[in-house]
Amino acid sequence: MLKLSRGVNQRLLHCGVTVQLRATRISGNGANLLAQRGFFSGTGLWQANGKKPLSRVPVGGTPIKDHGKVREGSIEFSTGKAIALFLAVGGALSYFFNREKRRLETQKEADANRGYGRPSLGGPFHLEDMNGNEFTEKNLLGKFSILYFGFSNCPDICPDELDKLGVWLNTLSSKYGITLQPLFITCDPARDSAAVLKEYLSDFHPSILGLTGTFDEVKNACKKYRVYFSTPPNVKPGQDYLVDHSIFFYLMDPEGEFVDALGRNYDEKTGVNKIVEHVKSYVPAEQRAKQQKAWYSFLFK
Amino acid sequence: MGLFSFDGGKKESQPPNTRSQRKLCWESRDAFFRCLDKADVLDAMDPKNSKVISAQCKTENDKFVENCAHSWIKYFKEKRVIDFKREETIKKIEQEAKQREQNQ
């Protein structure tokens with residue numbers, strides 16, 4: 001029994017040793033493996049700074065490099081660049097939308113004056129220019145025209161206005177490259193023959209074309225533009241009189257349609273600005289319908 | 001032919017169709033009106049003032065008549081009165097506005 005048990009014990013002991021030896025070998029292997037992964041070795045994290053990293057490294061998180069400094073290039077911390085970007089983009093957008101708003105407003109104003117197909121001002125007329133050529137509403141097509149109604153015997157307002165028109169025309173062509181067709185329509189056909197008009201207008205801008213006609217023709221043209229004037233129809237030769245008349249410049253677009261009336265309140269600068277606005281915002285008929293439906297137009301309603 | 005006759009046909013005047021003619025007329029008008037200011041006359045059309053004008057501004061008046069068409073003379077004389085009244089009204093309104101501001 002003893003012998004047997006000793007034998008078993010020995011065997012057990014032997015077994016035990018073998019098992020222990022095996023276990024040591026396994027644990028030794030495991031330690032080596034873990035050491036290779038850097039958990040316990042001298043190249044491990046906590047020994048890099050000599051600090052414990054657990055408060056900074058979340059489990060499974062990426063280790064912070066560069067000795068714990070905040071990395072550059074992180075978007076949430078580059079405020080300077082963000083402000084610059086915000087200003088650039090915001091500024092560009094606000095400039096664009098302000099410009100578009102103004103353009104659409106001017107276009108709307110012109111459209112309103114255009115009366116959606118039915119011109120509120122203008123229409124067919126038949127006159128003769130100071131060079132003896134026929135001049136009708138068809139001569140307004142294809143270019144912007146500016147019309148002024150007056151008479152050569154006008155004491156002070158017409159000459160001032162025509163001088164102002166000359167300044168407008170010069171500024172428009174030199175500064176903005178805009179050429180208008182300026183027309184002077186007399187309200188006093190009894191005295192303002194083609195020759196008189198030619199002499200009278202020679203003092204003003206050379207491109208101004210004088211228009212005259214018979215009393216009825218002139219009356220018709222004035223009526224179309226709602227110009228009030230009071231000339232007696234049968235003036236005796238040599239009779240001295242003045243003609244009362246409305247004093248407006250009429251801006252007509254290349255379709256021969258009324259755009260705007262400019263009164264005496266527009267001076268040499270503001271008149272130019274107004275005309276430039278209208279000319280720049282003018283859109284040919286075919287494009288007009290399309291442009292009105294710009295994707296951002298809802299913003300300005 | 002568009003010639004003007006005034007002063008009983010004593011003198012015929014071309015229509016003031018050129019810049020130089022207009023300038024001449026405007027200058028003689030200004031001279032005449034300056035004289036009227038000195039003589040304290042507002043309405044040159046008023047027959048009450050005709051004696052004062054012929055006494056104090058005869059040369060200016062003659063020049064004015066010589067250099068301007070009849071219709072222009074009438075127009076400028078009327079305009080002088082209208083402009084004066086308009087300025088008076090504007091002054092009055094401005095003064096009233098100032099007083100109202102002070103009262104408030």
# chains A, B, ... in the order shown; residues from 1 in each chain; ligands from 1
call {"tool": "interface_residues", "arguments": {"of": "chain A", "to": "chain B", "cutoff": "6 Å", "atoms": "only C-alpha atoms", "output": "PDB file with C-alpha atoms, in the first residue's frame"}}
result
ATOM      1  CA  PRO A 155     -35.369 131.002 -73.132  1.00  0.00           C
ATOM      2  CA  ARG A 191     -40.859 128.181 -86.470  1.00  0.00           C
ATOM      3  CA  TYR A 200     -29.815 125.619 -83.121  1.00  0.00           C
ATOM      4  CA  GLY A 238     -43.137 137.215 -87.057  1.00  0.00           C
ATOM      5  CA  ASP A 240     -43.234 136.173 -80.927  1.00  0.00           C
ATOM      6  CA  TYR A 241     -44.373 133.559 -78.490  1.00  0.00           C
TER       7      TYR A 241
END
call {"tool": "select_by_dssp", "arguments": {"residues": "chain B", "states": "strand (DSSP E or B)", "output": "list of chain:residue names"}}
result
B:Phe4, B:Ser5, B:Phe6, B:Lys11, B:Glu12, B:Ser13
call {"tool": "write_last_selection", "arguments": {"atoms": "C-alpha atoms", "output": "mmCIF file, in the first residue's frame"}}
result
data_model
loop_
_atom_site.group_PDB
_atom_site.id
_atom_site.type_symbol
_atom_site.label_atom_id
_atom_site.label_comp_id
_atom_site.auth_asym_id
_atom_site.auth_seq_id
_atom_site.Cartn_x
_atom_site.Cartn_y
_atom_site.Cartn_z
ATOM 1 C CA PHE B 4 -39.542 139.066 -84.538
ATOM 2 C CA SER B 5 -40.730 142.590 -84.609
ATOM 3 C CA PHE B 6 -41.424 144.434 -81.450
ATOM 4 C CA LYS B 11 -36.426 146.881 -84.761
ATOM 5 C CA GLU B 12 -36.375 143.422 -86.215
ATOM 6 C CA SER B 13 -34.577 140.710 -84.297
#
call {"tool": "atom_distance", "arguments": {"atom1": "atom CA of Ala261 of chain A", "atom2": "atom CA of Gln107 of chain A"}}
result
14.9 Å
call {"tool": "select_by_dssp", "arguments": {"residues": "segment 80-279 of chain A", "states": "alpha helix (DSSP H)", "output": "PyMOL selection string"}}
result
chain A and resi 80-114+157-175+194-201+215-224+270-279
call {"tool": "atom_distance", "arguments": {"atom1": "atom CA of Lys63 of chain B", "atom2": "atom CA of Asp30 of chain B"}}
result
10.9 Å
call {"tool": "residues_around", "arguments": {"residues": "Glu27 of chain B", "least_positions_apart": "2", "cutoff": "12 Å", "atoms": "only C-alpha atoms", "output": "JSON, numbers by chain"}}
result
{"B": [20, 21, 22, 23, 24, 25, 29, 30, 31, 32, 33, 34, 60, 61, 63, 64, 65, 66, 67, 68]}
call {"tool": "residues_around", "arguments": {"residues": "Asp192 of chain A", "least_positions_apart": "3", "cutoff": "8 Å", "atoms": "only C-alpha atoms", "output": "list in words"}}
result
Phe151, Ser152, Thr186, Asp188, Pro189, Ala195, Val196, Leu197 and Thr212 of chain A
call {"tool": "atom_distance", "arguments": {"atom1": "atom CA of His245 of chain A", "atom2": "atom CA of Phe149 of chain A"}}
result
7.7 Å
call {"tool": "closest_residue", "arguments": {"among": "A:Ile178, A:Trp168, A:Gly142, A:Ile157", "to": "Pro284 of chain A", "atoms": "only C-alpha atoms"}}
result
A:Gly142
call {"tool": "residues_around", "arguments": {"residues": "Asp260 of chain A", "least_positions_apart": "5", "cutoff": "9 Å", "atoms": "only C-alpha atoms", "output": "PyMOL selection string"}}
result
chain A and resi 109-110+113+249-252+275+278
call {"tool": "write_last_selection", "arguments": {"atoms": "C-alpha atoms", "output": "mmCIF file, in the first residue's frame"}}
result
data_model
loop_
_atom_site.group_PDB
_atom_site.id
_atom_site.type_symbol
_atom_site.label_atom_id
_atom_site.label_comp_id
_atom_site.auth_asym_id
_atom_site.auth_seq_id
_atom_site.Cartn_x
_atom_site.Cartn_y
_atom_site.Cartn_z
ATOM 1 C CA GLU A 109 -38.860 98.936 -62.765
ATOM 2 C CA ALA A 110 -38.184 98.855 -66.490
ATOM 3 C CA ASN A 113 -42.730 100.840 -67.303
ATOM 4 C CA PHE A 249 -35.877 113.161 -71.083
ATOM 5 C CA TYR A 250 -37.386 109.905 -72.257
ATOM 6 C CA LEU A 251 -35.130 106.873 -72.297
ATOM 7 C CA MET A 252 -36.236 104.314 -74.874
ATOM 8 C CA ILE A 275 -29.053 105.682 -67.577
ATOM 9 C CA HIS A 278 -31.030 100.978 -67.133
#
